[in-house]
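Here's the structure, in structure tokens; my notes come after.
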Amino acid sequence: MKHKLIILFVLCTFFVISLMTNSMGPIFPALIDSYAIGLTLAGLFPFAFFIAYGVTSIPAGILVDKYGEKRVIILAFSLAFIGAVTFVCFPTFSIAMFSLFCIGTGMSLLQVAVNPLLRQAAGPEHFAFFSVLAQLAFGGAATLAPLVYQHFVALDQASAASANYVQQLLPENMSWLAMYWLFAVVALAMVLFASLVKMPKVDKLANESAGALETHLRLFKDKTVLKFFFAIAAYVALEQGLANSISVFLSQYHGLDTLSVGANVVSDFWFYMTLGCLLGLLLLKLIDSQILLLSFSLSSLVCFLVAIWGPSQLTLICFPLVGFFISIMWSVIFSLALNSRTQDHGSFAGILCTGIIGGAFISPIIGVISELSGELRFGMLVLLIPMAYIGYVALTARPLIKNTTLFSTKAASKNDEPMATNNTRGNKLL
């Protein structure tokens, strides 16, 4: 490993991506109060952020191929900085849409640029280990974001001199905007970090090349590609729909404070997702990935129904448990998708990342149903659709390559099969 500083940079990048992406959940109730809007209009905030993924994921791959990782990374953090500063300086509803789109675009560019860079810096033999470490950094930031939000609000409510300084920087009743000051500072620091670091030339593998626009258009006509594109969209919709609804739900149905309780439960939701990812790594060495995906989908469905219909004690437990059971979905769906085709993996991966657009539509849909029915609980029932669809994908996927388990390896050894015949069945989760 010759590029330890690059590895550190990439890990910091994953941390920042998660911090900016997953702060919307704990802030969501404050957005509703600050702008005096309903759930439908509030859903436009995550819409503006995640729609950027749908617009820019495929062009991002083309930009990386043409201009290189370093320039795209600097552009990405610059866009995030501009978006955060604009939001803080002009915190109107319309400007917020533009600012969040800029931040979302930056995060989309980063998602595409940093993975090949990590593989090049760490070396292929260490890539799996550092991929897991990057996911831990991502999960750690998601867990930390609600706690940082709590700290800023508590500081704003304090009587200390430091609190008065914070109040002077922010509009009245908008202490949550301190998070975007933080985003601006972090993004600027990462621009400087990226500018000073000498990044290695990335020799892309065949499955990392973005491919031509014609290739993407051709793939969008493939039924297998569409199946997994909608599966990724379903997963992100499920993840973000839950994260953005938890605090509001606890307040409306159980009278629990969105700051002291709601933010903690959202933090637990992300923490349990991180734990689930770690356990998933072990389980994928014991269980076929499709069976694991189906069982976790059913478990998440049961926990979700208990969370929205059960008493408060069970609700506080079951919402984080839903996070635990959906934790492996992204990685397993992604690996099943790539293992279902023998070519165009780079373009296919770009299309799958475009599926992150699913996070854009779910909150407005929940809001519309909730306001029409007068019940947030009914609006949240729409999350059963992505849960059911992911279960359907688990049942119907026909990967050309399956994940190798300890049992399949032992069976191959007993039958005296050469190890080379099983190499194609390696687990591509990482």
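Simple scheme: letters A, B, ... for chains in structure tokens order, numbers from 1 for residues in each chain, numbers from 1 for ligands in the order shown.
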Report as a Markdown table the residues of segment 224-325 of chain A within 12 Å of segment 53-69 of chain A, each with its shortest atom pair and distance in Å (one decimal), using only C-alpha atoms, ordered by chain and increasing residue number.
| residue | atom | partner | partner_atom | distance |
| --- | --- | --- | --- | --- |
| A:Phe229 | CA | A:Gly54 | CA | 11.2 |
| A:Ile232 | CA | A:Gly54 | CA | 11.9 |
| A:Ala233 | CA | A:Gly54 | CA | 10.0 |
| A:Val236 | CA | A:Tyr53 | CA | 11.3 |
Given the selection you just returned, output its residues as a file containing N, CA and C atoms, formatted as a PDB file, in the first residue's frame.
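To be explicit, this is the file written out as out_33.pdb:
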ATOM      1  N   PHE A 229     -32.458  -2.109 -11.648  1.00  0.00           N
ATOM      2  CA  PHE A 229     -32.549  -0.653 -11.498  1.00  0.00           C
ATOM      3  C   PHE A 229     -33.681  -0.298 -10.542  1.00  0.00           C
ATOM      4  N   ILE A 232     -32.801  -1.222  -6.870  1.00  0.00           N
ATOM      5  CA  ILE A 232     -31.987  -0.212  -6.184  1.00  0.00           C
ATOM      6  C   ILE A 232     -32.854   0.992  -5.818  1.00  0.00           C
ATOM      7  N   ALA A 233     -33.715   1.409  -6.761  1.00  0.00           N
ATOM      8  CA  ALA A 233     -34.625   2.527  -6.474  1.00  0.00           C
ATOM      9  C   ALA A 233     -35.532   2.190  -5.294  1.00  0.00           C
ATOM     10  N   VAL A 236     -33.445   2.413  -1.934  1.00  0.00           N
ATOM     11  CA  VAL A 236     -33.168   3.783  -1.484  1.00  0.00           C
ATOM     12  C   VAL A 236     -34.453   4.467  -1.024  1.00  0.00           C
TER      13      VAL A 236
END
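The smallest atom-to-atom distance between Ala234 of chain A and any of A:Leu395, A:Leu155, A:Leu11, A:Ile326, using only C-alpha atoms, is found for A:Ile326.
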Measuring atom to atom with only C-alpha atoms, identify which of A:Ile95, A:Ala349, A:Leu110, A:Leu406 is nearest to Ile73 of chain A.
->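 With only C-alpha atoms as the atom set, the closest residue is A:Leu110.
If only C-alpha atoms are the atoms counted, then among A:Leu259, A:Cys102, A:Gly276, A:Gly38 the closest residue to Val148 of chain A is A:Leu259.
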Name all residues at most 9 Å from Gly280 of chain A (count only C-alpha atoms; drop same-chain ones fewer than 5 positions away) and give them as JSON, numbers by chain.
-> {"A": [275, 285, 292, 327, 328]}
Contact residues around Thr40 of chain A with only C-alpha atoms at 12 Å, ignoring same-chain residues under 5 positions, as a list of chain:residue names |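 Near Thr40 of chain A, the qualifying residues are A:Phe28, A:Leu31, A:Ile32, A:Phe45, A:Pro46, A:Phe47, A:Ser245, A:Phe361, A:Ile362, A:Ser363, A:Pro364, A:Ile365, A:Ile366, A:Gly367, A:Val368, A:Ile369, A:Ser370, A:Glu371, A:Leu372, A:Leu376, A:Gly379.
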Take the selection from the previous step and output its residues with N, CA and C atoms, as a PDB file, in the first residue's frame.
ATOM      1  N   PHE A  28     -35.803  16.688   9.420  1.00  0.00           N
ATOM      2  CA  PHE A  28     -37.083  16.731   8.722  1.00  0.00           C
ATOM      3  C   PHE A  28     -38.205  17.414   9.528  1.00  0.00           C
ATOM      4  N   LEU A  31     -37.704  21.153   9.528  1.00  0.00           N
ATOM      5  CA  LEU A  31     -38.030  21.776   8.244  1.00  0.00           C
ATOM      6  C   LEU A  31     -39.519  22.099   8.167  1.00  0.00           C
ATOM      7  N   ILE A  32     -40.331  21.165   8.617  1.00  0.00           N
ATOM      8  CA  ILE A  32     -41.784  21.371   8.598  1.00  0.00           C
ATOM      9  C   ILE A  32     -42.166  22.562   9.470  1.00  0.00           C
ATOM     10  N   PHE A  45     -37.751  18.551  -0.156  1.00  0.00           N
ATOM     11  CA  PHE A  45     -36.349  18.725   0.234  1.00  0.00           C
ATOM     12  C   PHE A  45     -35.521  17.497  -0.151  1.00  0.00           C
ATOM     13  N   PRO A  46     -35.875  16.288   0.316  1.00  0.00           N
ATOM     14  CA  PRO A  46     -35.126  15.123  -0.161  1.00  0.00           C
ATOM     15  C   PRO A  46     -35.285  14.895  -1.659  1.00  0.00           C
ATOM     16  N   PHE A  47     -36.432  15.318  -2.244  1.00  0.00           N
ATOM     17  CA  PHE A  47     -36.612  15.191  -3.690  1.00  0.00           C
ATOM     18  C   PHE A  47     -35.524  15.964  -4.433  1.00  0.00           C
ATOM     19  N   SER A 245     -39.181   9.735   8.095  1.00  0.00           N
ATOM     20  CA  SER A 245     -40.508   9.665   8.726  1.00  0.00           C
ATOM     21  C   SER A 245     -40.468   9.337  10.213  1.00  0.00           C
ATOM     22  N   PHE A 361     -38.498  10.424  -4.664  1.00  0.00           N
ATOM     23  CA  PHE A 361     -39.956  10.417  -4.816  1.00  0.00           C
ATOM     24  C   PHE A 361     -40.707   9.927  -3.577  1.00  0.00           C
ATOM     25  N   ILE A 362     -40.041   9.155  -2.726  1.00  0.00           N
ATOM     26  CA  ILE A 362     -40.789   8.486  -1.673  1.00  0.00           C
ATOM     27  C   ILE A 362     -41.350   9.448  -0.631  1.00  0.00           C
ATOM     28  N   SER A 363     -40.581  10.451  -0.212  1.00  0.00           N
ATOM     29  CA  SER A 363     -41.085  11.367   0.825  1.00  0.00           C
ATOM     30  C   SER A 363     -42.277  12.193   0.347  1.00  0.00           C
ATOM     31  N   PRO A 364     -42.249  12.752  -0.892  1.00  0.00           N
ATOM     32  CA  PRO A 364     -43.458  13.433  -1.373  1.00  0.00           C
ATOM     33  C   PRO A 364     -44.667  12.508  -1.472  1.00  0.00           C
ATOM     34  N   ILE A 365     -44.450  11.239  -1.892  1.00  0.00           N
ATOM     35  CA  ILE A 365     -45.566  10.298  -1.988  1.00  0.00           C
ATOM     36  C   ILE A 365     -46.154  10.019  -0.606  1.00  0.00           C
ATOM     37  N   ILE A 366     -45.283   9.784   0.375  1.00  0.00           N
ATOM     38  CA  ILE A 366     -45.757   9.577   1.749  1.00  0.00           C
ATOM     39  C   ILE A 366     -46.528  10.796   2.222  1.00  0.00           C
ATOM     40  N   GLY A 367     -46.013  11.985   1.886  1.00  0.00           N
ATOM     41  CA  GLY A 367     -46.675  13.219   2.299  1.00  0.00           C
ATOM     42  C   GLY A 367     -48.057  13.374   1.694  1.00  0.00           C
ATOM     43  N   VAL A 368     -48.191  13.112   0.391  1.00  0.00           N
ATOM     44  CA  VAL A 368     -49.490  13.245  -0.279  1.00  0.00           C
ATOM     45  C   VAL A 368     -50.513  12.288   0.326  1.00  0.00           C
ATOM     46  N   ILE A 369     -50.129  11.023   0.485  1.00  0.00           N
ATOM     47  CA  ILE A 369     -51.064  10.034   1.042  1.00  0.00           C
ATOM     48  C   ILE A 369     -51.432  10.390   2.478  1.00  0.00           C
ATOM     49  N   SER A 370     -50.443  10.843   3.251  1.00  0.00           N
ATOM     50  CA  SER A 370     -50.697  11.199   4.649  1.00  0.00           C
ATOM     51  C   SER A 370     -51.665  12.367   4.762  1.00  0.00           C
ATOM     52  N   GLU A 371     -51.488  13.376   3.905  1.00  0.00           N
ATOM     53  CA  GLU A 371     -52.353  14.554   3.987  1.00  0.00           C
ATOM     54  C   GLU A 371     -53.753  14.268   3.450  1.00  0.00           C
ATOM     55  N   LEU A 372     -53.848  13.407   2.435  1.00  0.00           N
ATOM     56  CA  LEU A 372     -55.166  13.055   1.908  1.00  0.00           C
ATOM     57  C   LEU A 372     -55.955  12.195   2.904  1.00  0.00           C
ATOM     58  N   LEU A 376     -50.390   9.801   8.924  1.00  0.00           N
ATOM     59  CA  LEU A 376     -49.038   9.498   8.478  1.00  0.00           C
ATOM     60  C   LEU A 376     -48.830   7.990   8.379  1.00  0.00           C
ATOM     61  N   GLY A 379     -49.744   6.793   5.057  1.00  0.00           N
ATOM     62  CA  GLY A 379     -48.749   7.202   4.086  1.00  0.00           C
ATOM     63  C   GLY A 379     -47.527   6.301   4.124  1.00  0.00           C
TER      64      GLY A 379
END
Figure out the distance between atom CA of Tyr253 of chain A and atom CA of Leu314 of chain A, please, to one decimal in Å.
->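 Distance between the two atoms: 12.9 Å.
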Near-Ser260 of chain A list (10 Å; only C-alpha atoms; drop same-chain fewer than 6 positions) as a ChimeraX atom specification | /A:147,150,154,247
Go ahead and compute the interatomic distance for atom CA of Ala145 of chain A and atom CA of Asn22 of chain A, in Å to one decimal.
->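 A separation of 7.0 Å between them.
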Restricting the calculation to only C-alpha atoms, which member of A:Met20, A:Leu400, A:Ala30, A:Ala48 is positioned closest to Met174 of chain A?
->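 Of A:Met20, A:Leu400, A:Ala30, A:Ala48, the one nearest Met174 of chain A is A:Ala30, counting only C-alpha atoms.
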